[in-house]
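Data from structure-v1.cif: mmCIF, C-alpha atoms
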data_target
loop_
_atom_site.group_PDB
_atom_site.id
_atom_site.type_symbol
_atom_site.label_atom_id
_atom_site.label_comp_id
_atom_site.auth_asym_id
_atom_site.auth_seq_id
_atom_site.Cartn_x
_atom_site.Cartn_y
_atom_site.Cartn_z
ATOM 1 C CA MET B 1020 0.000 0.000 0.000
ATOM 2 C CA ILE B 1021 0.972 3.614 -0.519
ATOM 3 C CA VAL B 1022 -0.134 6.179 2.058
ATOM 4 C CA ILE B 1023 -0.591 9.853 1.138
ATOM 5 C CA THR B 1024 -0.931 12.287 4.027
ATOM 6 C CA GLY B 1025 -2.814 15.374 2.924
ATOM 7 C CA GLY B 1026 -4.150 13.093 0.223
ATOM 8 C CA ALA B 1027 -7.369 15.044 -0.265
ATOM 9 C CA GLY B 1028 -5.462 18.298 -0.685
ATOM 10 C CA PHE B 1029 -4.124 19.881 -3.848
ATOM 11 C CA ILE B 1030 -0.879 18.039 -4.586
ATOM 12 C CA GLY B 1031 -1.867 14.953 -2.625
ATOM 13 C CA SER B 1032 -5.113 14.358 -4.520
ATOM 14 C CA TYR B 1033 -3.456 14.846 -7.910
ATOM 15 C CA LEU B 1034 -0.802 12.333 -6.871
ATOM 16 C CA ALA B 1035 -3.548 9.949 -5.716
ATOM 17 C CA ALA B 1036 -5.108 10.146 -9.178
ATOM 18 C CA ALA B 1037 -1.772 9.316 -10.810
ATOM 19 C CA LEU B 1038 -1.166 6.368 -8.472
ATOM 20 C CA ASP B 1039 -4.737 5.143 -8.900
ATOM 21 C CA ALA B 1040 -4.275 5.207 -12.680
ATOM 22 C CA ARG B 1041 -1.304 2.883 -12.228
ATOM 23 C CA GLY B 1042 -3.353 0.447 -10.182
ATOM 24 C CA GLU B 1043 -1.606 1.147 -6.871
ATOM 25 C CA ARG B 1044 -3.371 0.504 -3.565
ATOM 26 C CA VAL B 1045 -3.806 4.039 -2.242
ATOM 27 C CA VAL B 1046 -4.582 5.058 1.329
ATOM 28 C CA ILE B 1047 -5.466 8.687 1.927
ATOM 29 C CA CYS B 1048 -4.956 10.320 5.298
ATOM 30 C CA ASP B 1049 -6.727 13.669 5.583
ATOM 31 C CA TRP B 1050 -9.602 15.635 7.017
ATOM 32 C CA LEU B 1051 -12.316 16.503 4.492
ATOM 33 C CA GLY B 1052 -14.084 19.267 6.393
ATOM 34 C CA THR B 1053 -17.442 20.748 5.475
ATOM 35 C CA ASP B 1054 -16.701 22.223 2.042
ATOM 36 C CA ASP B 1055 -16.178 20.503 -1.313
ATOM 37 C CA LYS B 1056 -12.684 19.185 -0.586
ATOM 38 C CA TRP B 1057 -14.085 15.644 -0.798
ATOM 39 C CA ARG B 1058 -14.563 16.184 -4.531
ATOM 40 C CA ASN B 1059 -10.783 16.075 -4.953
ATOM 41 C CA ILE B 1060 -10.897 12.329 -4.272
ATOM 42 C CA ALA B 1061 -14.432 11.506 -5.426
ATOM 43 C CA LYS B 1062 -13.213 9.652 -8.545
ATOM 44 C CA ARG B 1063 -10.608 7.525 -6.765
ATOM 45 C CA ASP B 1064 -10.666 3.851 -5.911
ATOM 46 C CA LEU B 1065 -9.141 3.897 -2.433
ATOM 47 C CA GLU B 1066 -7.798 1.142 -0.229
ATOM 48 C CA ASN B 1067 -8.725 3.231 2.793
ATOM 49 C CA LEU B 1068 -9.489 6.759 3.978
ATOM 50 C CA ILE B 1069 -8.277 7.579 7.476
ATOM 51 C CA ALA B 1070 -8.316 10.626 9.720
ATOM 52 C CA PRO B 1071 -4.908 12.103 10.661
ATOM 53 C CA GLU B 1072 -5.392 11.340 14.379
ATOM 54 C CA LYS B 1073 -5.687 7.642 13.442
ATOM 55 C CA LEU B 1074 -2.597 7.614 11.186
ATOM 56 C CA PHE B 1075 -0.107 5.850 13.445
ATOM 57 C CA ASP B 1076 -2.666 3.312 14.597
ATOM 58 C CA PHE B 1077 -3.234 2.450 10.951
ATOM 59 C CA LEU B 1078 0.479 2.349 10.149
ATOM 60 C CA ASN B 1079 1.216 0.073 13.090
ATOM 61 C CA ASP B 1080 -1.643 -2.248 12.175
ATOM 62 C CA HIS B 1081 -0.316 -2.540 8.591
ATOM 63 C CA SER B 1082 3.419 -2.129 9.150
ATOM 64 C CA GLY B 1083 4.354 -5.006 6.850
ATOM 65 C CA ASP B 1084 2.267 -3.712 3.960
ATOM 66 C CA ILE B 1085 3.268 -0.030 3.675
ATOM 67 C CA GLU B 1086 5.618 0.363 0.713
ATOM 68 C CA ALA B 1087 5.902 4.146 0.876
ATOM 69 C CA ILE B 1088 4.469 7.227 2.534
ATOM 70 C CA TYR B 1089 4.067 10.428 0.548
ATOM 71 C CA HIS B 1090 3.880 13.042 3.273
ATOM 72 C CA MET B 1091 2.111 15.990 1.624
ATOM 73 C CA GLY B 1092 0.045 17.014 4.643
ATOM 74 C CA ALA B 1093 0.963 20.344 6.231
ATOM 75 C CA ILE B 1094 -0.252 23.757 7.236
ATOM 76 C CA SER B 1095 0.788 25.449 4.018
ATOM 77 C CA ALA B 1096 -0.470 28.994 4.554
ATOM 78 C CA THR B 1097 2.505 31.343 4.551
ATOM 79 C CA THR B 1098 0.351 33.806 6.523
ATOM 80 C CA GLU B 1099 -0.449 31.384 9.398
ATOM 81 C CA ALA B 1100 0.556 33.079 12.648
ATOM 82 C CA ASP B 1101 0.241 30.161 15.106
ATOM 83 C CA ALA B 1102 3.838 28.931 15.167
ATOM 84 C CA ASP B 1103 3.068 26.226 17.739
ATOM 85 C CA LEU B 1104 0.440 24.742 15.456
ATOM 86 C CA ILE B 1105 2.809 24.944 12.483
ATOM 87 C CA ALA B 1106 5.619 23.256 14.417
ATOM 88 C CA GLU B 1107 3.329 20.406 15.475
ATOM 89 C CA SER B 1108 1.875 19.828 12.020
ATOM 90 C CA ASN B 1109 4.889 20.505 9.833
ATOM 91 C CA PHE B 1110 7.917 19.472 11.883
ATOM 92 C CA ARG B 1111 6.979 17.006 14.614
ATOM 93 C CA LEU B 1112 4.712 14.932 12.391
ATOM 94 C CA THR B 1113 7.318 14.681 9.631
ATOM 95 C CA ARG B 1114 9.939 13.704 12.201
ATOM 96 C CA ALA B 1115 7.652 10.990 13.595
ATOM 97 C CA LEU B 1116 6.976 9.619 10.106
ATOM 98 C CA TRP B 1117 10.712 9.570 9.311
ATOM 99 C CA LEU B 1118 11.347 7.509 12.436
ATOM 100 C CA TRP B 1119 8.416 5.177 11.717
ATOM 101 C CA CYS B 1120 9.577 4.559 8.133
ATOM 102 C CA ARG B 1121 13.115 3.914 9.367
ATOM 103 C CA ASP B 1122 11.931 1.383 11.930
ATOM 104 C CA ASN B 1123 9.456 -0.369 9.633
ATOM 105 C CA GLY B 1124 11.300 -0.567 6.318
ATOM 106 C CA SER B 1125 9.069 1.895 4.447
ATOM 107 C CA ARG B 1126 10.039 4.723 2.159
ATOM 108 C CA LEU B 1127 9.303 8.409 2.781
ATOM 109 C CA ILE B 1128 8.852 11.172 0.215
ATOM 110 C CA TYR B 1129 7.930 14.422 1.933
ATOM 111 C CA ALA B 1130 7.017 17.963 0.929
ATOM 112 C CA SER B 1131 9.566 20.612 1.731
ATOM 113 C CA SER B 1132 9.173 24.068 0.201
ATOM 114 C CA ALA B 1133 10.845 26.849 -1.738
ATOM 115 C CA ALA B 1134 9.856 29.027 1.235
ATOM 116 C CA THR B 1135 12.916 27.540 2.977
ATOM 117 C CA TYR B 1136 15.111 29.735 0.770
ATOM 118 C CA GLY B 1137 13.888 32.993 2.257
ATOM 119 C CA ASP B 1138 14.615 36.071 0.173
ATOM 120 C CA GLY B 1139 16.755 34.087 -2.271
ATOM 121 C CA LYS B 1140 19.991 35.952 -1.597
ATOM 122 C CA ALA B 1141 21.700 32.666 -0.679
ATOM 123 C CA GLY B 1142 20.508 31.022 -3.888
ATOM 124 C CA PHE B 1143 18.113 28.203 -4.672
ATOM 125 C CA ASP B 1144 20.280 25.101 -4.496
ATOM 126 C CA ALA B 1145 18.897 22.019 -2.757
ATOM 127 C CA VAL B 1146 21.959 21.505 -0.589
ATOM 128 C CA GLU B 1147 21.900 18.850 2.134
ATOM 129 C CA SER B 1148 24.920 19.683 4.258
ATOM 130 C CA ILE B 1149 24.315 21.159 7.684
ATOM 131 C CA GLU B 1150 26.481 24.177 6.933
ATOM 132 C CA GLY B 1151 24.862 24.700 3.549
ATOM 133 C CA LEU B 1152 21.371 24.606 5.010
ATOM 134 C CA LYS B 1153 22.300 27.170 7.660
ATOM 135 C CA ALA B 1154 22.754 29.755 4.908
ATOM 136 C CA TYR B 1155 19.016 29.889 4.236
ATOM 137 C CA GLN B 1156 16.816 32.169 6.337
ATOM 138 C CA PRO B 1157 13.058 31.633 5.782
ATOM 139 C CA LEU B 1158 10.834 34.688 5.958
ATOM 140 C CA ASN B 1159 7.818 33.112 7.678
ATOM 141 C CA ALA B 1160 6.928 30.368 10.146
ATOM 142 C CA TYR B 1161 5.771 28.021 7.404
ATOM 143 C CA GLY B 1162 9.133 28.212 5.621
ATOM 144 C CA TRP B 1163 10.960 27.864 8.936
ATOM 145 C CA SER B 1164 9.055 24.679 9.838
ATOM 146 C CA LYS B 1165 9.985 23.062 6.525
ATOM 147 C CA HIS B 1166 13.577 24.208 6.877
ATOM 148 C CA LEU B 1167 13.725 22.830 10.420
ATOM 149 C CA THR B 1168 12.684 19.430 9.062
ATOM 150 C CA ASP B 1169 15.361 19.483 6.339
ATOM 151 C CA ARG B 1170 17.985 20.423 8.927
ATOM 152 C CA TRP B 1171 16.858 17.756 11.404
ATOM 153 C CA ILE B 1172 17.193 15.056 8.760
ATOM 154 C CA ALA B 1173 20.653 16.354 7.879
ATOM 155 C CA GLN B 1174 21.602 16.073 11.563
ATOM 156 C CA GLN B 1175 20.452 12.447 11.699
ATOM 157 C CA LYS B 1176 22.588 11.610 8.691
ATOM 158 C CA LYS B 1177 25.579 13.292 10.324
ATOM 159 C CA LYS B 1178 25.049 11.092 13.383
ATOM 160 C CA GLY B 1179 25.168 8.021 11.125
ATOM 161 C CA ASP B 1180 21.436 7.306 11.097
ATOM 162 C CA ARG B 1181 20.593 6.715 7.440
ATOM 163 C CA GLY B 1182 16.890 6.691 8.182
ATOM 164 C CA PRO B 1183 14.299 5.189 5.830
ATOM 165 C CA THR B 1184 15.454 3.004 2.928
ATOM 166 C CA GLN B 1185 14.457 5.920 0.698
ATOM 167 C CA CYS B 1186 13.995 9.456 1.975
ATOM 168 C CA VAL B 1187 13.368 12.322 -0.428
ATOM 169 C CA GLY B 1188 12.402 15.910 0.357
ATOM 170 C CA LEU B 1189 10.886 17.935 -2.482
ATOM 171 C CA LYS B 1190 11.153 21.716 -2.291
ATOM 172 C CA PHE B 1191 7.968 22.669 -4.116
ATOM 173 C CA PHE B 1192 7.965 26.056 -5.816
ATOM 174 C CA ASN B 1193 4.737 27.746 -7.030
ATOM 175 C CA VAL B 1194 2.523 24.841 -8.057
ATOM 176 C CA TYR B 1195 -0.645 25.442 -10.080
ATOM 177 C CA GLY B 1196 -3.279 23.115 -11.493
ATOM 178 C CA PRO B 1197 -6.598 21.367 -10.781
ATOM 179 C CA ASN B 1198 -7.896 20.349 -7.344
ATOM 180 C CA GLU B 1199 -6.686 23.497 -5.581
ATOM 181 C CA TYR B 1200 -10.175 24.955 -5.423
ATOM 182 C CA HIS B 1201 -10.603 24.481 -1.662
ATOM 183 C CA LYS B 1202 -7.506 26.535 -0.787
ATOM 184 C CA GLY B 1203 -9.169 29.946 -0.569
ATOM 185 C CA GLY B 1204 -6.623 32.761 -0.562
ATOM 186 C CA MET B 1205 -3.789 30.252 -0.954
ATOM 187 C CA ARG B 1206 -4.962 29.197 -4.423
ATOM 188 C CA SER B 1207 -2.565 29.839 -7.269
ATOM 189 C CA VAL B 1208 -2.746 33.244 -8.910
ATOM 190 C CA ALA B 1209 -3.802 31.462 -12.100
ATOM 191 C CA HIS B 1210 -6.972 30.180 -10.469
ATOM 192 C CA GLN B 1211 -7.712 33.554 -8.903
ATOM 193 C CA ILE B 1212 -7.339 35.302 -12.261
ATOM 194 C CA PHE B 1213 -9.457 32.901 -14.303
ATOM 195 C CA PRO B 1214 -12.983 34.161 -13.407
ATOM 196 C CA PHE B 1215 -11.917 37.735 -14.169
ATOM 197 C CA ALA B 1216 -10.478 36.676 -17.524
ATOM 198 C CA LYS B 1217 -13.619 34.719 -18.341
ATOM 199 C CA ARG B 1218 -15.749 37.798 -17.659
ATOM 200 C CA GLY B 1219 -13.374 40.058 -19.597
ATOM 201 C CA GLU B 1220 -12.668 42.081 -16.450
ATOM 202 C CA ALA B 1221 -9.387 43.441 -15.110
ATOM 203 C CA PHE B 1222 -7.472 41.579 -12.432
ATOM 204 C CA SER B 1223 -5.360 43.481 -9.932
ATOM 205 C CA LEU B 1224 -1.860 42.246 -9.035
ATOM 206 C CA PHE B 1225 0.406 43.524 -6.287
ATOM 207 C CA LYS B 1226 2.479 46.586 -7.049
ATOM 208 C CA SER B 1227 6.189 46.160 -6.599
ATOM 209 C CA HIS B 1228 7.744 47.797 -3.541
ATOM 210 C CA HIS B 1229 11.274 46.915 -4.648
ATOM 211 C CA PRO B 1230 13.241 49.256 -6.899
ATOM 212 C CA ASP B 1231 14.637 46.414 -9.014
ATOM 213 C CA TYR B 1232 11.217 45.079 -10.037
ATOM 214 C CA GLN B 1233 8.469 46.847 -11.941
ATOM 215 C CA ASP B 1234 4.810 46.297 -11.090
ATOM 216 C CA GLY B 1235 3.928 42.765 -12.132
ATOM 217 C CA GLY B 1236 7.592 42.016 -12.709
ATOM 218 C CA GLN B 1237 7.993 40.025 -9.502
ATOM 219 C CA LEU B 1238 9.342 36.627 -10.556
ATOM 220 C CA ARG B 1239 8.281 33.139 -9.518
ATOM 221 C CA ASP B 1240 9.064 29.610 -10.602
ATOM 222 C CA PHE B 1241 5.556 28.465 -11.553
ATOM 223 C CA VAL B 1242 5.354 24.676 -11.941
ATOM 224 C CA TRP B 1243 2.546 22.610 -13.464
ATOM 225 C CA ILE B 1244 1.075 20.033 -11.061
ATOM 226 C CA GLY B 1245 1.404 17.292 -13.679
ATOM 227 C CA ASP B 1246 5.180 17.709 -13.655
ATOM 228 C CA CYS B 1247 5.206 17.356 -9.866
ATOM 229 C CA ALA B 1248 3.227 14.111 -10.061
ATOM 230 C CA ASP B 1249 5.539 12.768 -12.756
ATOM 231 C CA VAL B 1250 8.575 13.393 -10.551
ATOM 232 C CA MET B 1251 6.922 11.752 -7.539
ATOM 233 C CA LEU B 1252 6.030 8.649 -9.569
ATOM 234 C CA TRP B 1253 9.584 8.529 -10.916
ATOM 235 C CA LEU B 1254 10.901 8.565 -7.359
ATOM 236 C CA LEU B 1255 8.673 5.621 -6.494
ATOM 237 C CA ASP B 1256 10.165 3.743 -9.436
ATOM 238 C CA HIS B 1257 13.735 4.671 -8.429
ATOM 239 C CA PRO B 1258 14.085 3.713 -4.753
ATOM 240 C CA ALA B 1259 17.850 4.288 -4.770
ATOM 241 C CA VAL B 1260 17.344 8.049 -5.221
ATOM 242 C CA ASN B 1261 17.639 9.917 -1.916
ATOM 243 C CA GLY B 1262 18.077 13.490 -0.729
ATOM 244 C CA LEU B 1263 16.681 16.982 -1.136
ATOM 245 C CA PHE B 1264 15.554 18.148 -4.563
ATOM 246 C CA ASN B 1265 13.909 21.255 -5.980
ATOM 247 C CA MET B 1266 10.487 20.761 -7.548
ATOM 248 C CA GLY B 1267 10.052 23.618 -9.967
ATOM 249 C CA SER B 1268 10.131 24.362 -13.670
ATOM 250 C CA GLY B 1269 13.640 25.781 -13.553
ATOM 251 C CA LYS B 1270 12.444 28.992 -15.230
ATOM 252 C CA ALA B 1271 11.353 32.132 -13.378
ATOM 253 C CA ARG B 1272 8.443 34.022 -14.954
ATOM 254 C CA SER B 1273 6.712 37.227 -13.971
ATOM 255 C CA PHE B 1274 3.265 37.495 -12.432
ATOM 256 C CA ALA B 1275 2.326 39.681 -15.392
ATOM 257 C CA ALA B 1276 3.275 36.844 -17.763
ATOM 258 C CA MET B 1277 1.256 34.377 -15.706
ATOM 259 C CA ALA B 1278 -1.769 36.688 -15.791
ATOM 260 C CA ALA B 1279 -1.479 37.248 -19.533
ATOM 261 C CA ALA B 1280 -1.295 33.488 -20.134
ATOM 262 C CA VAL B 1281 -4.571 32.959 -18.252
ATOM 263 C CA TYR B 1282 -6.370 35.631 -20.265
ATOM 264 C CA VAL B 1283 -5.072 34.226 -23.554
ATOM 265 C CA ALA B 1284 -6.025 30.653 -22.615
ATOM 266 C CA ALA B 1285 -9.520 31.904 -21.761
ATOM 267 C CA GLY B 1286 -9.757 33.684 -25.130
ATOM 268 C CA ALA B 1287 -9.617 37.194 -23.683
ATOM 269 C CA GLU B 1288 -7.413 40.253 -23.962
ATOM 270 C CA PRO B 1289 -5.207 40.673 -20.878
ATOM 271 C CA LYS B 1290 -6.439 43.379 -18.508
ATOM 272 C CA ILE B 1291 -4.145 43.887 -15.542
ATOM 273 C CA THR B 1292 -4.123 46.608 -12.900
ATOM 274 C CA TYR B 1293 -2.025 46.949 -9.738
ATOM 275 C CA HIS B 1294 -2.617 47.723 -6.072
ATOM 276 C CA ASP B 1295 -0.401 48.215 -3.040
ATOM 277 C CA MET B 1296 0.843 45.125 -1.264
ATOM 278 C CA PRO B 1297 -0.375 44.947 2.362
ATOM 279 C CA GLU B 1298 2.328 46.290 4.658
ATOM 280 C CA VAL B 1299 2.265 43.098 6.756
ATOM 281 C CA LEU B 1300 3.595 41.174 3.736
ATOM 282 C CA ARG B 1301 6.223 43.579 2.449
ATOM 283 C CA ASP B 1302 9.150 42.453 4.593
ATOM 284 C CA LYS B 1303 8.293 38.767 4.046
ATOM 285 C CA TYR B 1304 7.796 38.859 0.296
ATOM 286 C CA GLN B 1305 9.928 36.898 -2.165
ATOM 287 C CA TYR B 1306 10.546 38.945 -5.314
ATOM 288 C CA TYR B 1307 12.393 36.192 -7.140
ATOM 289 C CA THR B 1308 12.412 32.403 -7.030
ATOM 290 C CA GLN B 1309 13.876 30.002 -9.555
ATOM 291 C CA ALA B 1310 14.537 26.345 -8.906
ATOM 292 C CA ASN B 1311 17.967 25.002 -9.761
ATOM 293 C CA MET B 1312 16.959 21.655 -11.268
ATOM 294 C CA ASP B 1313 20.484 20.358 -11.940
ATOM 295 C CA LYS B 1314 20.475 18.032 -8.952
ATOM 296 C CA LEU B 1315 17.295 16.237 -10.018
ATOM 297 C CA ARG B 1316 18.618 15.960 -13.572
ATOM 298 C CA ALA B 1317 21.883 14.529 -12.271
ATOM 299 C CA ALA B 1318 19.888 11.921 -10.336
ATOM 300 C CA GLY B 1319 18.458 10.712 -13.645
ATOM 301 C CA TYR B 1320 15.145 12.508 -14.148
ATOM 302 C CA ASN B 1321 15.168 13.671 -17.772
ATOM 303 C CA ALA B 1322 11.548 14.450 -18.713
ATOM 304 C CA PRO B 1323 11.002 18.078 -19.829
ATOM 305 C CA MET B 1324 9.091 20.500 -17.642
ATOM 306 C CA THR B 1325 5.915 22.036 -19.030
ATOM 307 C CA PRO B 1326 6.322 25.665 -20.219
ATOM 308 C CA LEU B 1327 4.137 28.182 -18.395
ATOM 309 C CA GLU B 1328 1.853 29.024 -21.330
ATOM 310 C CA GLU B 1329 1.223 25.330 -22.068
ATOM 311 C CA GLY B 1330 0.558 24.495 -18.431
ATOM 312 C CA ILE B 1331 -1.895 27.373 -18.138
ATOM 313 C CA ARG B 1332 -3.622 26.272 -21.343
ATOM 314 C CA LEU B 1333 -4.006 22.747 -19.950
ATOM 315 C CA TYR B 1334 -5.340 24.093 -16.666
ATOM 316 C CA VAL B 1335 -7.823 26.530 -18.182
ATOM 317 C CA GLN B 1336 -9.110 24.539 -21.132
ATOM 318 C CA ASN B 1337 -9.062 21.024 -19.668
ATOM 319 C CA HIS B 1338 -10.269 21.909 -16.184
ATOM 320 C CA LEU B 1339 -11.378 25.433 -15.288
ATOM 321 C CA GLU B 1340 -13.638 25.765 -18.332
ATOM 322 C CA LYS B 1341 -15.203 22.344 -17.772
ATOM 323 C CA GLU B 1342 -18.374 21.691 -15.791
ATOM 324 C CA ASP B 1343 -16.364 19.194 -13.749
ATOM 325 C CA PRO B 1344 -12.921 20.746 -13.151
ATOM 326 C CA TYR B 1345 -11.606 17.953 -10.886
ATOM 327 C CA VAL B 1346 -9.038 15.298 -11.712
#
Show me the file's structure as structure tokens.
Amino acid sequence: MIVITGGAGFIGSYLAAALDARGERVVICDWLGTDDKWRNIAKRDLENLIAPEKLFDFLNDHSGDIEAIYHMGAISATTEADADLIAESNFRLTRALWLWCRDNGSRLIYASSAATYGDGKAGFDAVESIEGLKAYQPLNAYGWSKHLTDRWIAQQKKKGDRGPTQCVGLKFFNVYGPNEYHKGGMRSVAHQIFPFAKRGEAFSLFKSHHPDYQDGGQLRDFVWIGDCADVMLWLLDHPAVNGLFNMGSGKARSFAAMAAAVYVAAGAEPKITYHDMPEVLRDKYQYYTQANMDKLRAAGYNAPMTPLEEGIRLYVQNHLEKEDPYV
């Protein structure tokens, strides 16, 4: 069996669809809540669906049958202020799963984040050394919690504890694609823009408050969800691959380019305005991210990443414009 924590969420549910298509026995661990999050997994054939508070009971009851755990579950809001809650959900749980996989012969592939890189001044290289990791200074509690996990694992390796038979951390950059609809304000900008583009109305992006970037010129590594799933399946098929890897497109693009791509995919002329960024975000804002993908390529992954305009076309025309936008 393959367990996906956060399996009803954005990345987790897309991964579940990909694993289901391959005929894998998939167990989803997640809360569904009272909104339409359940629709993310409504088309899946599942081995089981368990609540997070029952996770370790389930793992212990099936310890000889768990091939791998994809740990995608986390508090992912970069604006979350409860650091205790973030530490419990994002660090302590990952640590406990690492130890369980080590002790029970299972593999662990977990979600780290590009937020670990902070303002980007130290670069975007998925280093694993303790000294190398110390160079990165996350700008928010979410990024810190992911960085703390990466550093803790590095410490275990230094002590001689190799951990699970396979342990991979993926530093996800700005992922977009179907099944993110439940995420509210944390949805991709592409999804937020789409209804405006469909109505032929203007969408307002943040102004730049940095002299080196024009309004809309803030740069992000936007990565299509399908590419993320392909990498995660490849890792399952290559159990000898271990370590920290970036999960991005490898190409930074502007928010203005992203917005224009959505309008074009929706058959509309781009209409973009700008408004001031809230002051609470200004000292925590990343103006530039770009994944260095060399390490993943060196490990043997050679499939091309989807260009932004093509990924947006797939998202808009194959999902957002459909009556049923779910995977």
(message) What's around region 1211-1228 of chain B at 6 Å? Count only C-alpha atoms, leave out sequence neighbours fewer than 5 positions away in its own chain, and write the answer as an MDAnalysis selection string.
(response) chainID B and resid 1233:1234 1282 1290:1296
(request) Considering all atoms listed in the file, return as a VMD selection string whatever protein or nucleic-acid residues lie within 6 Å of region 1326-1334 of chain B, sequence-local ones (same chain, fewer than 6 positions apart) excluded. (result) chain B and resid 1196 1243 1280 1284
(request) Find the residue from B:Trp1117, B:Phe1143, B:Phe1192, B:Leu1078 that sits nearest to Gln1175 (chain B); use all atoms listed in the file when measuring. (result)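 Smallest distance to Gln1175 (chain B) is found for B:Trp1117.
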(request) Carefully work through the PyMOL selection byres ((chain B and resi 1241) around 8) for this structure and note down the residues it includes, as a ChimeraX atom specification. (result) /B:1192-1195,1239-1240,1242-1243,1267-1268,1270-1272,1327
(request) In Å, rounded to a single decimal, give me how far CA of Asn1198 (chain B) is from CA of Ser1032 (chain B). (result) 7.2 Å
Give as a short mmCIF file (atom, residue, chain, number, x, y, z; two decimals) with C-alpha atoms, in the coordinates of the input every residue, naming chains and numbers as the document does, that has an atom within 12 Å of (27.8, 21.3, 5.4), counting all atoms listed in the file.
data_model
loop_
_atom_site.label_atom_id
_atom_site.label_comp_id
_atom_site.auth_asym_id
_atom_site.auth_seq_id
_atom_site.Cartn_x
_atom_site.Cartn_y
_atom_site.Cartn_z
CA VAL B 1146 21.96 21.50 -0.59
CA GLU B 1147 21.90 18.85 2.13
CA SER B 1148 24.92 19.68 4.26
CA ILE B 1149 24.32 21.16 7.68
CA GLU B 1150 26.48 24.18 6.93
CA GLY B 1151 24.86 24.70 3.55
CA LEU B 1152 21.37 24.61 5.01
CA LYS B 1153 22.30 27.17 7.66
CA ALA B 1154 22.75 29.76 4.91
CA ARG B 1170 17.98 20.42 8.93
CA ALA B 1173 20.65 16.35 7.88
CA GLN B 1174 21.60 16.07 11.56
CA LYS B 1176 22.59 11.61 8.69
CA LYS B 1177 25.58 13.29 10.32
#
(request) Just give me the gap between CA of Glu1298 (chain B) and CA of Gln1156 (chain B) in Å, one decimal is fine. (result)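 These atoms are spaced 20.3 Å apart.
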